[in-house]
Amino acid sequence: MATQQKSISGLHHVTAITADAQKNIDFYCGVLGLRLVKLTVNFDDPGSYHLYYGDELGHPGTILTFFAWPGAYRGRIGPPQVTVTAFAVPSGALDYWSKRLKEQGVAAQPAIARFGEPALSFADPDGMQLEIVASPDPKGQPWAAGPIPAAQAIRGFHGITISEEGYEHTAKLLTDVMGFKAVSNEQNRFRYRAGTGDGFASIVDLVCIPDAPHGSMGAGAVHHVAFRAKDDAEQIAWHKDIASRGFNISPVMDRVYFHSIYYREPGGVLFEIATDNPGFTADEPAEKFGTKLMLPPWLESNRTLIERAVPPVRLPAQHTSAASRG
Ligand code: ZN
């Protein structure tokens with residue numbers, strides 16, 4: 001290869017589907033203590049919400065987003081999909097979480113150790129599969145006004161699990177193109193770590209389950225996973241590189257808070273590369289995050305119509321209607 005291999009530095013965000021925006025907000029902000037970083041609409045479907053959760057400042061690697069499709073059927077979790085999304089908490093915080101989830105009526109499986117790291121597994125109200133993993137020194141800045149003490153708070157992602165019928169071609173994309181390093185394997189689980197990452201939001205586990213029923217898109221299912229590019233120049237380089245390897249890849253899309261390119265990995269999961277810039281302060285200061293419905297400039301003239309189309313929601317920061325009617 002003439003070009004020197006670049007490396008993805010970690011996850012940028014994970015996007016999933018919810019059937020109920022209010023239950024989603026109550027769970028992620030109220031139970032898990034993530035900050036609602038942005039309330040906006042799906043730019044490709046402006047009659048529905050797009051919810052963004054993250055840490056205090058919405059750092060890449062902490063962002064979990066949902067398309068809210070009211071009354072959507074449950075998806076089926078199965079290959080080829082991101083089947084588990086794992087959050088990182090400081091070492092020693094799992095007992096706290098085990099107790100908290102129980103108090104909040106969330107059924108969690110007892111802690112298991114995977115590659116030596118203890119983890120709790122549970123599901124959100126739509127059935128999305130989540131884990132909380134104890135990690136040494138996780139990054140991310142907990143939501144200061146949130147319900148979880150800083151010492152125990154979620155710091156962002158630990159990583160994701162992708163389930164596939166077979167894993168070799170996906171593994172090759174991760175290691176030979178995206179610069180991930182193979183770490184280890186436990187039975188049918190193969191672990192990869194983002195090459196230049198500092199260990200934060202850097203884990204991709206491939207689980208090979210050829211016999212499992214196929215997943216289907218719907219509430220509780222992950223729609224896609226995004227990896228980080230530090231800026232637009234790096235993203236353009238990725239675009240060229242990935243296209244030259246035989247993948248169809250979208251042109252750069254303006255998502256206001258980042259710029260995105262999309263491609264499907266060989267197993268069928270939708271991958272995105274999103275830029276760190278311009279970030280969630282592009283349209284409001286951090287202290288205002290999640291306090292009102294934000295629209296991109298090209299939808300602002302349709303605000304009244306959009307506010308009528310989306311259901312009103314109670315927001316964690318102000319406990320008022322998102323749509324701020326009238
Ligand atoms: Zn995305």
# chains A, B, ... in the order shown; residues from 1 in each chain; ligands from 1
>>> residues_around(residues="Gly268 of chain A", least_positions_apart="6", cutoff="12 Å", atoms="only C-alpha atoms", output="CSV table (one decimal) with N, CA, C and O atoms, in the first residue's frame")
chain,number,residue,atom,x,y,z
A,78,GLY,N,-30.3,-9.2,16.7
A,78,GLY,CA,-29.7,-10.4,16.1
A,78,GLY,C,-28.8,-10.0,15.0
A,78,GLY,O,-28.8,-8.8,14.6
A,79,PRO,N,-28.0,-10.9,14.5
A,79,PRO,CA,-27.1,-10.5,13.4
A,79,PRO,C,-27.8,-10.1,12.1
A,79,PRO,O,-28.9,-10.7,11.9
A,80,PRO,N,-27.2,-9.3,11.3
A,80,PRO,CA,-26.0,-8.5,11.6
A,80,PRO,C,-26.4,-7.1,12.2
A,80,PRO,O,-27.0,-6.3,11.5
A,81,GLN,N,-26.1,-6.9,13.4
A,81,GLN,CA,-26.4,-5.7,14.2
A,81,GLN,C,-25.4,-5.4,15.2
A,81,GLN,O,-24.7,-6.4,15.7
A,82,VAL,N,-25.4,-4.2,15.7
A,82,VAL,CA,-24.7,-3.9,17.0
A,82,VAL,C,-25.7,-4.4,18.0
A,82,VAL,O,-26.8,-3.8,18.2
A,162,ILE,N,-20.8,-6.3,18.1
A,162,ILE,CA,-21.5,-6.6,16.8
A,162,ILE,C,-21.6,-8.1,16.6
A,162,ILE,O,-20.7,-8.8,16.8
A,163,SER,N,-22.9,-8.5,16.4
A,163,SER,CA,-23.1,-9.9,16.1
A,163,SER,C,-23.2,-10.1,14.6
A,163,SER,O,-23.8,-9.4,13.9
A,164,GLU,N,-22.6,-11.2,14.2
A,164,GLU,CA,-22.5,-11.5,12.8
A,164,GLU,C,-22.6,-13.0,12.6
A,164,GLU,O,-22.4,-13.8,13.5
A,165,GLU,N,-23.0,-13.4,11.4
A,165,GLU,CA,-23.0,-14.8,11.0
A,165,GLU,C,-21.6,-15.4,10.9
A,165,GLU,O,-21.3,-16.5,11.4
A,166,GLY,N,-20.7,-14.6,10.3
A,166,GLY,CA,-19.3,-14.9,10.2
A,166,GLY,C,-18.6,-13.6,10.5
A,166,GLY,O,-19.2,-12.6,10.3
A,167,TYR,N,-17.3,-13.7,10.9
A,167,TYR,CA,-16.7,-12.4,11.4
A,167,TYR,C,-15.5,-12.0,10.6
A,167,TYR,O,-15.0,-10.9,10.7
A,169,HIS,N,-14.5,-11.1,7.5
A,169,HIS,CA,-14.4,-10.0,6.6
A,169,HIS,C,-14.6,-8.7,7.4
A,169,HIS,O,-14.0,-7.7,7.1
A,170,THR,N,-15.5,-8.7,8.4
A,170,THR,CA,-15.6,-7.5,9.3
A,170,THR,C,-14.3,-7.3,10.0
A,170,THR,O,-13.9,-6.1,10.1
A,214,HIS,N,-32.0,-13.9,12.3
A,214,HIS,CA,-31.6,-12.5,11.9
A,214,HIS,C,-32.3,-11.4,12.7
A,214,HIS,O,-33.4,-11.6,13.1
A,215,GLY,N,-31.5,-10.4,13.0
A,215,GLY,CA,-32.2,-9.2,13.6
A,215,GLY,C,-33.0,-8.5,12.6
A,215,GLY,O,-32.9,-8.7,11.4
A,216,SER,N,-33.9,-7.6,13.1
A,216,SER,CA,-34.7,-6.7,12.3
A,216,SER,C,-34.7,-5.3,12.9
A,216,SER,O,-34.7,-5.2,14.1
A,223,HIS,N,-29.4,1.3,15.0
A,223,HIS,CA,-29.5,1.6,13.6
A,223,HIS,C,-28.2,1.7,13.0
A,223,HIS,O,-28.0,1.1,11.9
A,224,HIS,N,-27.2,2.3,13.6
A,224,HIS,CA,-25.8,2.3,13.1
A,224,HIS,C,-24.9,2.7,14.2
A,224,HIS,O,-25.3,3.2,15.2
A,247,PHE,N,-15.8,-0.4,-1.2
A,247,PHE,CA,-17.1,-0.1,-0.5
A,247,PHE,C,-17.8,1.0,-1.1
A,247,PHE,O,-17.2,2.0,-1.5
>>> residues_near_ligand(ligand="ligand 1", cutoff="12 Å", atoms="only C-alpha atoms and all ligand atoms", output="VMD selection string")
chain A and resid 11 to 17 42 to 44 50 to 52 60 63 to 67 222 to 228 253 to 263 270 to 275
>>> closest_residue(among="A:Gly279, A:Gly267, A:Pro136, A:Pro312", to="Leu293 of chain A", atoms="only C-alpha atoms")
A:Pro312
>>> residues_around(residues="Arg193 of chain A", least_positions_apart="5", cutoff="7 Å", atoms="only C-alpha atoms", output="number ranges by chain")
A: 180-183, 202-204
>>> closest_residue(among="A:Asn188, A:Ser9, A:Gln104, A:Ser135", to="Phe87 of chain A", atoms="only C-alpha atoms")
A:Ser135
>>> select_by_dssp(residues="segment 225-264 of chain A", states="helix (DSSP H, G or I)", output="ChimeraX atom specification")
/A:232-244
>>> residues_around(residues="segment 112-120 of chain A", least_positions_apart="4", cutoff="12 Å", atoms="only C-alpha atoms", output="JSON, numbers by chain")
{"A": [84, 85, 86, 87, 88, 89, 90, 91, 92, 93, 94, 95, 96, 97, 98, 99, 100, 101, 102, 106, 107, 108, 129, 130, 131, 132, 133, 134, 135, 136, 158, 159, 183, 184, 185, 186, 187, 189, 190, 191, 192, 203, 205]}
>>> closest_residue(among="A:Gly179, A:Pro110, A:Pro251, A:Pro316", to="Lys288 of chain A", atoms="only C-alpha atoms")
A:Pro316
>>> select_by_dssp(residues="segment 49-292 of chain A", states="strand (DSSP E)", output="PyMOL selection string")
chain A and resi 49-54+63-68+81-90+109-114+117-123+129-135+156-164+181-186+189-193+203-208+222-229+253-254+258-264+270-278
>>> closest_residue(among="A:Ile209, A:Val269, A:Ala201, A:Met178", to="Asp241 of chain A", atoms="only C-alpha atoms")
A:Met178
